[in-house]
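**Q** Sending over a structure as structure tokens; questions will come in a sec.
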Amino acid sequence: MRRLLRSGRSGTLLLAGLLALTACPKTTDGEAKGPSKSRKERQAAAVQLPDPLELPAQPDAASWIAQPKRALDLLTPYVPGPVEPAGLVQLALGTVTTAQLAEQLAPTVDPAGAFGNVVLAEEEVIRLSVRSDQAEALAASLAGLEPVGEFGAVRLPSADPSEGAREWLAWIDADDEGALVLANSLPGLVTGRHLQAAYGERPLFFTLDPRSLGTIPVELPFSRVEGRGDFSEVVVSVQAIDGQDLLAGIPIAAGTFGGLLEGEGIVAGASSRYADYQAAVREVISQVNGQVAQLPFLVRGVGEGLAAKLNTALRTWDGRTLVALGPAGHLRVAYGASDVTKSRVAAIRLLQAVVDNVSTARNFMSQLPKLTFRRRVAKGDGQDIEMLVIHGASSMLQPELRPLVDDQGRLNVAMAWSERAGGGLIVVGPRADSELATWLDQTSKSPSGEQTQADLVAASFAAAPEQLIPLLGMTEVDQSAILSALIALEATGPRWQARARALDEPGRYELVLNPPPSAPPRANLKSK
């Protein structure tokens, strides 16, 4: 019996195999065919998509943003009022179709998904990512529109009913993650799936010929603006139109204190090199010497001694300058020196001479302020910190500047010189000495002055958006109120940093922008 069962099972398997073999249709040469394709698959295979448009490297305009919401989240804190991505999408869609359809389509767009577009001479293409849970809703919104072509495209009702208005088509590209593509022609629709290959090598990319924008409120003197990078660094290059170089008449040259701007307490600051510094030094020296020559004979010798020390200190300046605010009640300054040691010695000798002479003069003129020069009050990054103290400064300063004095009415001016930074650093404020020590320590690993010699401008900004409301809300220009608000700022916001340099080609510049750290948003956010 057991043998019979074994032979019966074998026969059953053999019979099943023969039936399966004979059931398969055969080709003319006797080979078996695979399962036949469905009608839908045969129709899809028969549809021939038009050839995509050619995508030049420098069109009139193009962009690729891998995570639009992440980029938007970096900017929205500085915009008054709430910013809803769906509202911005609806506003943009309202320029290509009716307000009613734009309202239906906007919630289906995924602000966390990739966005791309290109503007050509006679065509524009827009690619929008679609929320995974809104794919059916999108298809339903387009289902009743006039079909165009043979691959599922539709014609959008026009937002501009006037004759000759540009026509817009729409298509859901199933082979491009179900993206919604808008264009002015069928080839344009097919081009949407190629935007990433052309312009999406980096998470962020844009290129623009401002002259192609037509009439805009502000004229941009550039023939090309292009940026590429990610959410930690974006490099923007600009090419000025011949004869319209914005920086041609501005007296700045390469050389900054970009590394010092990385100090955590800095709210806002900028650094560059004054190109005409040598002429400026000569002019100041000439004026000082002229004023000393007019002094009475009895004090002229004192004036000449001070002028000689001032002249020596001024001649060490190499044109580099930094001005920054922060923390609240503190002002920071740095100046470059061709010889840091010589600059330090000259400045200390000058300050000590000023203090000694004022102290002597106070015996005859009591209205002069008391000055003290305190040596080596602290250290920062291994550098000695000196401090000039102006007593009773509260009564001498304008009200908006009084936050710079300490609780005893003294104006403290701390200073140090650093070979690494390439010059002298000065902090004015109630805690000048400790703030300067912290500044030196915090920037001890930042780029040195030598490493930022090629940069044309450097800047840093870290004010919290809510701190800017009083400034932005001013209806009239009140310099005193503006200065008071600036001195009160704290570095509690996200830090933005930027540096610019001139490239070899005339009129061409490069801007490197470092946004604050950000986290990518969740993709395919469900609508509420």
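Following the order of the structure tokens, chains are lettered A, B, ..., residues in each are numbered from 1, and ligands are numbered from 1.
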Quick one: residues within 10 Å of Ser343 of chain A, only C-alpha atoms, excluding same-chain residues fewer than 6 positions away - as a ChimeraX atom specification?
**A** /A:312-317,336-337,349,417,423-424
**Q** Pick the closest to Ala268 of chain A from A:Glu510, A:Asp60, A:Glu490, A:Glu219: which is it, counting only C-alpha atoms?
**A**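 Between A:Glu510, A:Asp60, A:Glu490, A:Glu219, the residue approaching Ala268 of chain A most closely is A:Glu490.
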**Q** Please provide as a ChimeraX atom specification all residues within 12 Å of Arg332 of chain A, with the sequence filter that same-chain residues fewer than 2 positions apart are discarded (counting only C-alpha atoms).
**A** /A:260-261,263,265-271,321-330,334-335,404,413-416,424-429,431-433,435-436,439-440,487
**Q** Skip Thr372 of chain A itself and residues of its chain fewer than 4 positions away, then list as a ChimeraX atom specification all residues within 12 Å of it, counting only C-alpha atoms.
**A** /A:351-359,386-392,410-414
**Q** Do a neighbour search on segment 193-195 of chain A at 10 Å with only C-alpha atoms, toss out local chain neighbours closer than 6 positions, and write the hits as a list in words.
**A** Pro52, Leu53, Glu54, Leu55, Ala62, Ser63, Trp64, Phe115, Gly116, Asn117, Val118, Val125, Ile126, Arg127, Asp173, Asp175, Asp176, Glu177, Ala179 and Val181 of chain A
**Q** Distance atom CA of Pro430 of chain A-atom CA of Thr492 of chain A, one decimal place?
**A**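 Between atom CA of Pro430 of chain A and atom CA of Thr492 of chain A the gap works out to 19.3 Å.
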**Q** Using DSSP secondary structure from the backbone, list all alpha helix (DSSP H) positions within segment 277-493 of chain A, as a PyMOL selection string.
**A** chain A and resi 277-293+297-314+340-361+432-442+469-472+479-487
**Q** Could you jot down the atom CA of Ala459 of chain A to atom CA of Glu201 of chain A separation for me, Å, one decimal place?
**A**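 Going from atom CA of Ala459 of chain A over to atom CA of Glu201 of chain A covers 28.0 Å.
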**Q** Quick check for you: according to DSSP on this backbone, which residues of segment 83-174 of chain A are classed as strand (DSSP E or B)? Reply as a list in words.
**A**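 Strand (DSSP E or B) members of segment 83-174 of chain A, listed: Val109, Phe115, Gly116, Asn117, Val118, Val119, Glu124, Val125, Ile126, Arg127, Leu128, Val130, Glu146, Pro147, Val148, Ala153, Val154, Arg155, Leu169, Ala170, Trp171, Ile172 and Asp173 of chain A.
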**Q** Segment 94-104 of chain A: which residues within 6 Å, counting only C-alpha atoms, same-chain residues fewer than 6 positions away excluded, as a list of chain:residue names?
**A**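 So, after excluding close chain neighbours, the residues are A:Pro157, A:Ser158, A:Ala159.
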**Q** Please, could you write that set of residues out with N, CA and C atoms as a compact mmCIF listing (two decimals), in the first residue's frame?
**A**
# COMPACT_ATOMS: atom_id res chain seq x y z
N PRO A 157 -7.76 74.87 -16.18
CA PRO A 157 -8.51 76.10 -16.45
C PRO A 157 -7.62 77.30 -16.13
N SER A 158 -7.66 78.31 -16.98
CA SER A 158 -6.70 79.41 -16.88
C SER A 158 -7.05 80.37 -15.75
N ALA A 159 -6.00 80.85 -15.10
CA ALA A 159 -6.19 81.89 -14.09
C ALA A 159 -6.41 83.24 -14.72
**Q** Pick out the residues sitting within 6 Å of Ser237 of chain A, and hand them over as a PyMOL selection string; count only C-alpha atoms, and ignore anything fewer than 5 positions along from it in its own chain.
**A** chain A and resi 225-226+509-510
**Q** Choose the residue, out of A:Met396, A:Asp209, A:Gly113, A:Glu233, that has the smallest atom-to-atom separation from Leu368 of chain A; count only C-alpha atoms.
**A**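 The closest residue to Leu368 of chain A is A:Met396.
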